[in-house]
Structures are given as C-alpha cells and as structure tokens.
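Here the structure is laid out as structure tokens; the discussion comes afterwards.
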Amino acid sequence: MFKTSVRLSDGSVTEINPNIEVTGSIRYAVIRREAFDFTKVKYIDVSVNETEIKAGDDGFFLCPGGWWRAKLHDCAIGYFFEHSDTEYMNYDPHLYVLGINHNNRAYIAIASGMREISHQRIAVENNEYKFCFRFEIDEEDLYEDIKLEVHELEGDLSYSAMGREYRKYVLENGFVSIKDRMNESLKYAAESVCVRVRLGWKPVPCTVLEQTEENEPPVHVACTFKQVEDLMREYKRAGIEKAEFCLVGWNKGGHDGRWPQILPPEETLGGKEDLLSLIKTAKELGYTVSPHTNSTDAYTLAKNFDWDFVAHKKDGSPSIEAERWGGGRTYNICPAKSLKLAYETFPPVAELGFYGAHYIDVITATPPRYCYNPSHMVNRKEACEYFDKLFEYSRELFGTVGCEVGMEHSMKKCDFILYSTMDNGLNRKVEELDLFSEYVPFWHIVFHGIVLNNPYAGTVNAVINRNPDALLRLIELGGRPVIYYYSKFVSDGTDWMGDMDFRTDTEENVKSGTKAAFKTVNIYNEMSYLQYEFMDEHTKIGKNCYRTVYSDGSEVTVDYDNKTYSLKKG
C-alpha cells in the first residue's frame, strides 16, 4: 500500500517515499510539497492495494463516476474476474474515493490533499488488479501536500457501509446535514416539488459565435411570464399546495443568452412588469419562485463583459468552454471574478422579490477551474473556496441555492442538485465498460440527507416518462421530483433530460401537465419527510427488487417486475 510511481516530464520514472501516519483505523500517506521538485513531474500514482489482488479472489471494487473524459458517469462496482490487460482512468471524479472489498476485508481510500487534481486508476495486468490515485501535477508547484487516507471497515463490508463511511468523512470536512442547517426556505424546498420552466432561448447550437446587438438571433418564446402566472393558478385549483417554481431563461437574451449580464428581464417574455406580477401571484398562492442564473460563463454580447474577468489558460490564452450555447462562444470566468460579479449582480435580482432555491448553473457540473491570469491567479482548491463563498452569499439573499450535477468539490454550500449525474440512471448494467458489472447508488447513500437531489437526468419528468422505471427509480432513491417545462430545447436533438416534456402551448397540455404534477405531488407528500434522513442501506432483495433503508428505520421497497413500491415508515 502507498507505493508511488512518479512520471517525470522527460518520460523517466522514479519514486517518492511518503510519510505514513496512523490514527485509529485510518492510515495516511503524505507527500510533502517541499519533498520534491514537482515542476519536473507529469503525474504521481499512489497505490491503494492493501494486498495483492488476483482474478478469482472474493470481493468487489467500487469507483465513482467521472466527467466527460471518463466513460463511467455513475458509481459502479466490479468483481475480480479474469480479464485481459486493461486500464481505466476515472478522470475528474464526482467523488474522491475508491472502495475495495477483498477476501473479507474492506476499506475506502480517499484523496484528501491535492484532491482537486486526482483521478482514480484501475488496471489489470496479468490478471492482477491494481488500484491507485493519480495526481496530475503537470509540471506545477503543489498548493498543499498530497494526502491519501485509508479507512478500514469493520463488520458490514458492503457498498452501503462504504457510503456511510464516506458520508462520515464529508460531514467531518465541511458538509452539514439538512437537519442541522435548516431554515424556512430549505424546509419549503424539501417539502415541495421543483417546477422548472424554460421560458425562452436563442438557437442551440448557436448560429452566431460572437454576437452583437445587430446580429444577435431572436429569442424563441416558449412561455411568457403571464403564462407561468396562469400555470400557477391552475396548480392551485388542482390542489397543489406547495411548489417551488424556478424560471429558466427569464433573463436578458433568454436561457444562456448574455451571461454575466442578467437584467433586464427579457422583454419578449413580458418584461419587468409582468415578472413582478408573476412573483406577486406566486406569493399570494403560497408558492416560491426563484431565478436561474450562471456565474461561470461569459459572452462578449453582455453589457458588463470585461476581458479582465475571463480566466486564462496556462499558455496565456483565454479559457473557452464551448461554442454551442445561445449566447455564442462561451468564455470561462475566473472563479475569483465570479464571486466579485455575484456581489454586483445578485442583489438587483433579489430585489425583484425572488425567494427560494436560486439555481446557479454549471458550478458543480465541471471540474474545479484554475485561472492563470497574472492579475488574479487561482488554483483549483481556491476555485472551490470561491464558489463556496458564492453559494453562501446566494443563500443569504435567496434562502437556498441549487446547482446542476453532484460533483463533490463545490457542493459544501449547495442545497439542491438537479441530478447527481447526467446519466439516465435507468440502466443497471454498465454496458460500455466490461471492467464493471453494475451501477450502485453510492453517491445517494453519501449525500441523501445532506443535499436535496433528483437522482438522475433521466428521472426528470419521471411521472410522464414512457418508461415506468423512471418514477420507480426516483422513489427507490428518495429523490425530490423535478417537473420541467420545455426541458427539450436543443435543435440537434441532444437533449439529455427524461424522454417526455411538460408544455404550456395549449390548454390541453396545461391541464394534462397539471394532472401529472398533482400525481407527482401526491406521491412525494407521502415520502418527503425522508429528505431529512440519511440513506443508510441499499440492497438487492430479488431479481429486480430493491430495498432502501433510512436512518429513521423507514424502508422503501421497489419491485421493477410488478411495477410497484411500498413504504414502511420508521
């Protein structure tokens, strides 16, 4: 364990002996930042094998999902089968952990120092399984010591036990349970469904990369402020007492149209006057209404665009995220400047009367961002700290704050996640990687009771999904339902949420959508109390039957063959 392999930039390989420390059942390997000239290092592999692991041995291994460079997009387990030589790199992981159960011993390994540049590596060589964390130094100075820790499990050696141990770790390192940070806004969010309405957007993929007032494409209006107001009244007439409405594309230029410019509210949707009427009606009906904004992307069309706040890459060029979204070519904002812009742009939005889970896009959906701009250089750890402060500031203004994907690095101050991963979450088998055997809800065991979440992108609009398993999956994992009007807006057909859409374009669609929303609310009302509990155990108890046990003793059983579920309250 803790054997190192150091790949230097000239291609040669050497080793560094880490300092070994032991505290109770936890073992630490520490590589001091002053121990080596890391500006000559490409990467360091630190082994976490407790013993030699051969094909045919008893047990399993667990790996979290990763970002776009990784092929595994959700947590999965594999077994020690015979396998041809192979390597899997889990780049930019959602969680900084590996789990190993081998010959009746089990432990989790956690990257806890320089974790923001760590990835999990799993290799099979001559039918021997090898596990390590790779730290991509890339000829940089370290900003802290490299640190790896191993937590030994006792008694229960399941993936659920691994999840409980990692939950304990995150709670000891900055995360706070929903119960312990409760406020009025968070309580309302936990006990209501999330209703997102995408009102307007410019063409996606974009048709003009560098937009101006003269060449900016028109905003497609799908739903006006007045129509949302009417929708809220329809919900109230149907008997829906609690709902948290989030307006997507309400801002100038529609969805992803002009960031970091937010105001004025998009005129083609009804402008400021109609928006204020909508917010007033929401309060009268007992609903909350919150804005969707973005603190990481910038378009040159924005009136407050400034090249100084654009992050720089290592070679000094501006950092470009994409050439796809409605506002054109997307430039990455330096995390330090994101916080500064939040202080400038969030208060006028809050003054409009928004209250509820302010949704800030992207932050928890991408790896920690660095900036090499010499006037405001930011390393990856500092980037996470800036976004923690940004989320906390949003909480002060709006009550709660939400984001997109469940990447751990910036979730400490986040209250709601739209989906833990962009995977559809309906496939149990890991079809694209034969090294793994099945997906498991490890992320949900760790974070349920800490972060409100809809389990997967595929469980958005679960109640109207053509596949009934979507709703059952939402129930199995104790998710907070998301009802999304106009979730599909990409003209090349690469939409990723659910397979059916809520719409407001006809009276029939409004009424059928409201009926489906009412069904969702009725199911959730029975189970929403579980948002305050931890998910302690998840097991397969039949061919296609699963049981989830919560910290209060409640049990949810889902039978996918018979398309049924049951709740036994604790």
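Labeling convention for the structure tokens: chains A, B, ... as they appear, residues from 1 per chain, ligands from 1 in order of appearance.
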Neighbour list for His220 of chain A as a PyMOL selection string, cut-off 10 Å, only C-alpha atoms, skip fewer than 3 positions in-chain: chain A and resi 199-203+217+223+253-255+268-269+489
Neighbour list for segment 524-529 of chain A as a ChimeraX atom specification, cut-off 7 Å, only C-alpha atoms, skip fewer than 4 positions in-chain: /A:190-191,520
Could the residues in this selection be saved with N, CA and C atoms as a PDB file, in the first residue's frame?
```pdb
ATOM      1  N   ALA A 190     -37.529  21.248   0.667  1.00  0.00           N
ATOM      2  CA  ALA A 190     -37.527  19.812   0.974  1.00  0.00           C
ATOM      3  C   ALA A 190     -38.925  19.215   0.899  1.00  0.00           C
ATOM      4  N   GLU A 191     -39.951  20.028   1.140  1.00  0.00           N
ATOM      5  CA  GLU A 191     -41.319  19.519   1.207  1.00  0.00           C
ATOM      6  C   GLU A 191     -42.147  19.864  -0.030  1.00  0.00           C
ATOM      7  N   THR A 520     -47.534  13.546  -9.099  1.00  0.00           N
ATOM      8  CA  THR A 520     -46.175  13.604  -8.553  1.00  0.00           C
ATOM      9  C   THR A 520     -46.196  14.111  -7.121  1.00  0.00           C
TER      10      THR A 520
END
```
Closest contacts (segment 169-210 of chain A/segment 230-250 of chain A, max 6 Å, only C-alpha atoms) as a tab-separated table:
```
residue	atom	partner	partner_atom	distance
A:Ser192	CA	A:Ala243	CA	5.1
A:Val193	CA	A:Ala243	CA	5.3
A:Cys194	CA	A:Glu244	CA	5.0
A:Val195	CA	A:Phe245	CA	4.7
A:Arg196	CA	A:Cys246	CA	4.7
A:Val197	CA	A:Leu247	CA	5.3
A:Arg198	CA	A:Val248	CA	4.4
A:Leu199	CA	A:Gly249	CA	5.4
A:Gly200	CA	A:Gly249	CA	5.2
```
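Distances to Ala357 of chain A were evaluated for A:Trp325, A:Tyr343, A:Tyr188, A:Tyr372 using only C-alpha atoms, and the minimum falls at A:Tyr188.
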Between atom CA of Gly113 of chain A and atom CA of Asp145 of chain A - distance in Å to one decimal: 5.8 Å
Proximity to Asn126 of chain A - best of A:Ile53, A:Val401, A:Ser338, A:Trp307, only C-alpha atoms: A:Ile53
Counting only C-alpha atoms, the residue of A:Val556, A:Val490, A:Val349, A:Met162 that sits nearest Asn251 of chain A: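 Counting only C-alpha atoms, the residue closest to Asn251 of chain A is A:Val349.
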DSSP-assigned strand (DSSP E) among segment 68-274 of chain A, expressed as JSON, numbers by chain: {"A": [76, 77, 78, 79, 86, 87, 88, 89, 90, 97, 98, 99, 100, 101, 102, 105, 106, 107, 108, 109, 110, 111, 112, 113, 118, 119, 120, 121, 122, 123, 124, 125, 128, 129, 130, 131, 132, 133, 134, 135, 146, 147, 148, 149, 150, 151, 152, 193, 194, 195, 196, 197, 198, 200, 201, 220, 221, 243, 244, 245, 246, 247, 248]}
Closest of A:Ile108, A:Met497, A:Cys75, A:Val440 to Glu404 of chain A - atom-to-atom distances counting only C-alpha atoms: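 Residue with the minimum atom-to-atom distance to Glu404 of chain A: A:Met497.
Restricting the calculation to only C-alpha atoms, the smallest distance between Glu34 of chain A and any of A:Gly316, A:Gly553, A:Pro18, A:Pro264 is found for A:Pro18.
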Shell around Leu452 of chain A at 9 Å using only C-alpha atoms, local window under 6 positions removed, as a count of residues only: 12
Given only C-alpha atoms as the counted atoms, nearest of A:Arg27, A:Val510, A:Asp85, A:Asp141 to Lys42 of chain A: A:Asp141
Expected answer as a VMD selection string: helix (DSSP H, G or I) residues in segment 233-392 of chain A: chain A and resid 233 to 237 267 to 269 271 to 285 307 to 309 335 to 350 363 to 365 380 to 392
Contacts of Gly478 of chain A within 9 Å, only C-alpha atoms, excl. fewer than 2 positions in-chain, as a list in words: His444, His448, Asn453, Asn454, Pro455, Arg473, Leu474, Ile475, Glu476, Arg480, Met527, Ser528, Leu530, Gln531, Met535, Thr548 and Val556 of chain A
Spatial neighbours of Asn103 of chain A, 9 Å, only C-alpha atoms, chain gap at least 2 places, as a PyMOL selection string: chain A and resi 57-59+101+105-106
Output file for the selection above: N, CA and C atoms, as a short mmCIF file (atom, residue, chain, number, x, y, z; two decimals), in the first residue's frame:
```cif
data_model
loop_
_atom_site.label_atom_id
_atom_site.label_comp_id
_atom_site.auth_asym_id
_atom_site.auth_seq_id
_atom_site.Cartn_x
_atom_site.Cartn_y
_atom_site.Cartn_z
N ASP A 57 -10.30 -13.86 -6.89
CA ASP A 57 -10.41 -13.59 -5.46
C ASP A 57 -11.82 -13.13 -5.12
N ASP A 58 -12.22 -13.32 -3.88
CA ASP A 58 -13.52 -12.88 -3.42
C ASP A 58 -13.54 -11.37 -3.24
N GLY A 59 -14.73 -10.77 -3.45
CA GLY A 59 -14.90 -9.35 -3.17
C GLY A 59 -15.30 -8.54 -4.38
N ASN A 101 -13.28 -4.25 -1.44
CA ASN A 101 -13.67 -5.36 -0.57
C ASN A 101 -12.92 -6.58 -1.12
N ARG A 105 -12.06 -8.41 3.82
CA ARG A 105 -11.61 -7.12 4.37
C ARG A 105 -12.10 -6.03 3.44
N ALA A 106 -12.42 -4.88 3.99
CA ALA A 106 -12.91 -3.80 3.15
C ALA A 106 -12.41 -2.47 3.68
#
```
Exercise: Glu128 of chain A partners within 8 Å, only C-alpha atoms, chain neighbours under 2 positions left out, as a list in words: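 Contacts, with the query itself left out: Glu52, Ile53, Lys54, Ala55, Val124, Glu125, Asn126 and Lys130 of chain A.
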Residue neighbourhood Tyr550 of chain A, 7 Å, only C-alpha atoms, exclusion window fewer than 2 positions, as a PyMOL selection string: chain A and resi 533-537+548+552-555
Requested write-out: C-alpha atoms of the selected residues, as a PDB file, in the first residue's frame:
```pdb
ATOM      1  CA  GLU A 533     -32.923  11.328   6.905  1.00  0.00           C
ATOM      2  CA  PHE A 534     -29.747   9.646   5.750  1.00  0.00           C
ATOM      3  CA  MET A 535     -29.905   6.723   3.326  1.00  0.00           C
ATOM      4  CA  ASP A 536     -28.203   4.010   5.359  1.00  0.00           C
ATOM      5  CA  GLU A 537     -28.642   0.853   3.313  1.00  0.00           C
ATOM      6  CA  THR A 548     -33.676   1.261   0.678  1.00  0.00           C
ATOM      7  CA  ASP A 552     -35.098   6.637  10.992  1.00  0.00           C
ATOM      8  CA  GLY A 553     -35.829   2.999  10.150  1.00  0.00           C
ATOM      9  CA  SER A 554     -38.116   3.738   7.191  1.00  0.00           C
ATOM     10  CA  GLU A 555     -37.950   1.215   4.369  1.00  0.00           C
TER      11      GLU A 555
END
```
Atom CA of Val460 of chain A to atom CA of Trp259 of chain A, distance in Å rounded to a single decimal: 25.2 Å
Write out as JSON lines a residue-level contact list of segment 414-446 of chain A versus segment 153-159 of chain A with cut-off 10 Å: for each qualifying residue the closest pair of atoms and the distance in Å to one decimal, counting only C-alpha atoms, rows sorted by chain and residue number upward.
```
{"residue": "A:Val440", "atom": "CA", "partner": "A:Tyr159", "partner_atom": "CA", "distance": 8.1}
{"residue": "A:Pro441", "atom": "CA", "partner": "A:Tyr159", "partner_atom": "CA", "distance": 9.0}
{"residue": "A:Phe442", "atom": "CA", "partner": "A:Tyr159", "partner_atom": "CA", "distance": 6.9}
{"residue": "A:Ile445", "atom": "CA", "partner": "A:Tyr159", "partner_atom": "CA", "distance": 9.2}
```
